[in-house]
Amino acid sequence: MRRVSIFGATGSIGQNTIDLIARAPDAYDVVALTGAGNIAQLAADARRLNAALAVTAHDHLLDDLRAALEGSGVEAAAGQDAIREAATRPADWVMSAIVGAAGLAPGLEALKQGATLALANKESLVCAGKLMLATAQENDARILPVDSEHSAIFQALIGEDMAAVERIIITASGGAFRDWPLDKLAHATLEEASCHPNWDMGQRITIDSASMFNKAMEVIETREFFGVDPDQIEVLVHPQSMIHALVGFRDGALMAHIGPADMRHAIGFALHHPDRQHLPVERLDLAQIGSFEFRAPDEARWPALRLAREVMARGGMAGAVFNAAKESALDGFIEGKLLFPQMAEVVEDTMSQLNSDNGLIDATMTLDNVAQVDHLARQTAKAVIENKAG
Ligand code: NAD
Ligand code: MG
């Protein structure tokens with residue numbers, strides 16, 4: 001039996017992971033499931049999968065979790081330290097699907113124990129890519145990408161020589177506001193930004209898709225994970241979300257990965273790697289689909305893409321600043337303090353206030369330093385947001 005843990009089990013990626021694991025209950029020994037506020041879901045899944053441990057991120061919900069698990073034999077725990085401790089429990093395969101920088105610490109712990117880390121939490125690579133890769137290498141652990149674009153790139157590269165790669169193209173649906181007049185964006189509501197045309201995902205990544213902060217993070221994720229130069233990475237708007245990424249080789253060939261907009265493909269690929277096993281996803285009928293569209297991304301509509309280039313040019317801990325500022329700006333939009341286009345302004349202002357003259361930004365990348373930079377960037381972003389709101 002393979003020992004598996006799922007961090008962020010109650011979210012969109014977590015639930016899709018559970019869907020696959022629950023189809024073959026005898027194949028998996030579930031070590032730990034973690035969640036946050038949705039205790040009923042966490043407890044129900046822990047019971048159903050007979051998990052050894054269930055952890056909520058919220059200390060104050062420990063009693064509720066204990067009550068929901070009563071008589072099940074599942075151990076209950078709460079708090080960020082407990083989540084981190086859960087990641088030290090031996091497992092063969094660990095899904096990293098917490099949203100935000102909170103996913104970094106448990107991901108690192110899982111790598112330290114040599115587990116295979118299925119990485120949906122792109123924030124880990126944006127904040128601390130070098131640290132993640134070094135930790136994996138030192139502990140003989142493996143990171144497998146779960147973001148659909150990165151799983152697609154990974155699959156297109158199987159058996160290929162990286163030296164023959166000329167460019168990597170990641171596609172973007174364009175999100176909720178792809179076709180909106182630019183002057184209407186300032187009036188976009190939270191509800192409108194929370195509807196994705198193709199994918200059913202958590203609210204935060206859905207809004208990040210509308211602003212293209214998600215794609216900006218994925219550009220940085222591509223650079224960190226595949227080690228290519230920033231100018232080898234392109235973004236292409238593809239409204240159908242069926243081609244997930246393309247790899248261009250020096251002989252002019254482009255290898256495209258095509259599949260339905262269903263995360264169970266990328267999750268299942270990482271779960272069964274290096275095998276390919278049957279997955280319960282739709283088979284595309286291309287004749288029925290008829291055509292695919294492509295367009296260049298408009299940087300006036302999506303300034304996040306330009307900011308990603310700046311992060312890569314700066315290097316060091318600029319990714320941690322960018323991610324924390326982005327998370328704060330997103331909170332500001334969700335809380336009604338910022339207009340939709342102001343999210344990018346907040347990130348840009350925070351990045352320019354915390355430039356590389358600041359010693360901390362250039363410090364060696366350790367979990368503690370990343371946490372300090374994250375904290376500083378959130379404080380700075382908060383002040384920028386208050387300034388705008390006031
Ligand atoms: P979600 O909001 O649906 O779920 C997030 C999970 O994290 C939940 O289990 C929640 O309880 C937990 N969580 C939230 N805040 C936490 C905290 N502070 N500490 C500990 N746990 C916390 O999000 P999602 O859409 O499943 O996305 C998860 C991750 O996967 C994100 O990094 C996202 O960018 C990435 N991702 C998601 C998709 C997708 O299709 N949903 C695709 C590619 C990548
Ligand atoms: Mg993606």
# chains A, B, ... in the order shown; residues from 1 in each chain; ligands from 1
$ closest_atom_pairs --of "chain A" --to "ligand 1" --cutoff "9 Å" --atoms "only C-alpha atoms and all ligand atoms" --output "tab-separated table"
residue	atom	partner	partner_atom_place_in_ligand_line	distance
A:Ile6	CA	ligand 1	9 (O)	8.9
A:Phe7	CA	ligand 1	9 (O)	6.9
A:Gly8	CA	ligand 1	9 (O)	3.2
A:Ala9	CA	ligand 1	9 (O)	4.7
A:Thr10	CA	ligand 1	9 (O)	3.8
A:Gly11	CA	ligand 1	4 (O)	3.1
A:Ser12	CA	ligand 1	26 (O)	3.6
A:Ile13	CA	ligand 1	26 (O)	3.9
A:Gly14	CA	ligand 1	26 (O)	5.9
A:Gln15	CA	ligand 1	26 (O)	7.7
A:Asn16	CA	ligand 1	26 (O)	8.6
A:Leu33	CA	ligand 1	9 (O)	8.9
A:Thr34	CA	ligand 1	9 (O)	6.5
A:Gly35	CA	ligand 1	11 (O)	3.7
A:Ala36	CA	ligand 1	11 (O)	3.7
A:Gly37	CA	ligand 1	11 (O)	6.0
A:Asn38	CA	ligand 1	11 (O)	6.6
A:Ile39	CA	ligand 1	11 (O)	8.9
A:Leu42	CA	ligand 1	9 (O)	8.4
A:Thr56	CA	ligand 1	20 (C)	7.3
A:Ala57	CA	ligand 1	20 (C)	4.8
A:His58	CA	ligand 1	19 (N)	7.9
A:Gly79	CA	ligand 1	19 (N)	8.1
A:Gln80	CA	ligand 1	19 (N)	6.5
A:Ile83	CA	ligand 1	20 (C)	7.3
A:Ser96	CA	ligand 1	29 (C)	7.4
A:Ala97	CA	ligand 1	29 (C)	4.3
A:Ile98	CA	ligand 1	7 (O)	3.4
A:Val99	CA	ligand 1	31 (C)	3.9
A:Gly100	CA	ligand 1	32 (O)	5.6
A:Ala101	CA	ligand 1	18 (N)	7.9
A:Ala102	CA	ligand 1	19 (N)	5.2
A:Gly103	CA	ligand 1	20 (C)	6.8
A:Leu119	CA	ligand 1	30 (O)	7.8
A:Ala120	CA	ligand 1	30 (O)	4.1
A:Asn121	CA	ligand 1	32 (O)	3.4
A:Lys122	CA	ligand 1	32 (O)	5.1
A:Glu123	CA	ligand 1	32 (O)	5.9
A:Ser124	CA	ligand 1	32 (O)	8.2
A:Val146	CA	ligand 1	43 (C)	6.6
A:Asp147	CA	ligand 1	43 (C)	4.1
A:Ser148	CA	ligand 1	43 (C)	6.0
A:Glu149	CA	ligand 1	43 (C)	8.3
A:Trp199	CA	ligand 1	40 (O)	6.6
A:Asp200	CA	ligand 1	40 (O)	6.4
A:Met201	CA	ligand 1	41 (N)	3.7
A:Gly202	CA	ligand 1	25 (O)	3.4
A:Gln203	CA	ligand 1	2 (O)	6.0
A:Arg204	CA	ligand 1	2 (O)	6.3
A:Ile205	CA	ligand 1	34 (O)	5.4
A:Thr206	CA	ligand 1	25 (O)	7.7
A:Asp208	CA	ligand 1	34 (O)	8.6
A:Asn214	CA	ligand 1	34 (O)	7.2
A:Met217	CA	ligand 1	34 (O)	8.7
A:Ala261	CA	ligand 1	40 (O)	8.7
A:Asp262	CA	ligand 1	40 (O)	7.7
A:Met263	CA	ligand 1	40 (O)	5.7
A:Arg264	CA	ligand 1	40 (O)	9.0
A:Ala266	CA	ligand 1	43 (C)	9.0
$ closest_atom_pairs --of "range 81-199 of chain A" --to "range 301-318 of chain A" --cutoff "8 Å" --atoms "only C-alpha atoms" --output "Markdown table"
| residue | atom | partner | partner_atom | distance |
| --- | --- | --- | --- | --- |
| A:Cys127 | CA | A:Met317 | CA | 7.0 |
| A:Ala128 | CA | A:Met317 | CA | 7.5 |
| A:Leu182 | CA | A:Arg301 | CA | 6.5 |
$ write_last_selection --atoms "C-alpha atoms" --output "PDB file, in the first residue's frame"
ATOM      1  CA  CYS A 127       8.397  32.299  -3.013  1.00  0.00           C
ATOM      2  CA  ALA A 128      11.232  29.842  -2.592  1.00  0.00           C
ATOM      3  CA  LEU A 182     -10.661  47.895 -20.446  1.00  0.00           C
TER       4      LEU A 182
END
$ atom_distance --atom1 "CA of Leu133 in chain A" --atom2 "CA of Arg3 in chain A"
22.5 Å
$ atom_distance --atom1 "CA of Lys215 in chain A" --atom2 "CA of Ala253 in chain A"
23.8 Å
$ select_by_dssp --residues "range 114-320 of chain A" --states "helix (DSSP H, G or I)" --output "MDAnalysis selection string"
chainID A and resid 122:138 148:156 162:164 182:187 190:193 203:211 213:226 230:232 264:272 286:289 304:314 318:320
$ residues_around --residues "range 64-78 of chain A" --least-positions-apart "4" --cutoff "8 Å" --atoms "only C-alpha atoms" --output "list in words"
Ile39, Ala40, Ala43, Ala46, Arg47, Asn50, Ala51, Ala52, Leu53, Ala54, Val55, Thr56, Ala57, His58, Asp59, His60, Ala82 and Ile83 of chain A
$ write_last_selection --atoms "C-alpha atoms" --output "mmCIF file, in the first residue's frame"
data_model
loop_
_atom_site.group_PDB
_atom_site.id
_atom_site.type_symbol
_atom_site.label_atom_id
_atom_site.label_comp_id
_atom_site.auth_asym_id
_atom_site.auth_seq_id
_atom_site.Cartn_x
_atom_site.Cartn_y
_atom_site.Cartn_z
ATOM 1 C CA ILE A 39 -14.543 20.670 9.416
ATOM 2 C CA ALA A 40 -17.514 18.617 8.191
ATOM 3 C CA ALA A 43 -13.936 14.769 9.032
ATOM 4 C CA ALA A 46 -10.901 11.305 7.022
ATOM 5 C CA ARG A 47 -13.532 8.751 8.039
ATOM 6 C CA ASN A 50 -9.686 5.814 7.149
ATOM 7 C CA ALA A 51 -6.938 8.412 7.593
ATOM 8 C CA ALA A 52 -4.606 8.184 10.575
ATOM 9 C CA LEU A 53 -4.656 11.966 11.175
ATOM 10 C CA ALA A 54 -6.822 14.980 10.302
ATOM 11 C CA VAL A 55 -5.580 18.541 10.905
ATOM 12 C CA THR A 56 -7.361 21.882 10.684
ATOM 13 C CA ALA A 57 -5.332 25.059 10.250
ATOM 14 C CA HIS A 58 -7.512 26.795 12.847
ATOM 15 C CA ASP A 59 -6.650 26.209 16.516
ATOM 16 C CA HIS A 60 -10.112 27.264 17.645
ATOM 17 C CA ALA A 82 0.400 20.609 13.541
ATOM 18 C CA ILE A 83 0.130 20.853 9.744
#
$ select_by_dssp --residues "range 14-111 of chain A" --states "strand (DSSP E or B)" --output "PyMOL selection string"
chain A and resi 28-35+53-56+75-78+93-96
$ residues_around --residues "range 366-383 of chain A" --least-positions-apart "3" --cutoff "8 Å" --atoms "only C-alpha atoms" --output "ChimeraX atom specification"
/A:105,127-128,131,317,320-325,328-329,346-347,349-350,353-354,360-361,363,386-387
$ closest_residue --among "A:Ala32, A:Ala110, A:Met351, A:Ile170" --to "ligand 2" --atoms "only C-alpha atoms and all ligand atoms"
A:Ile170
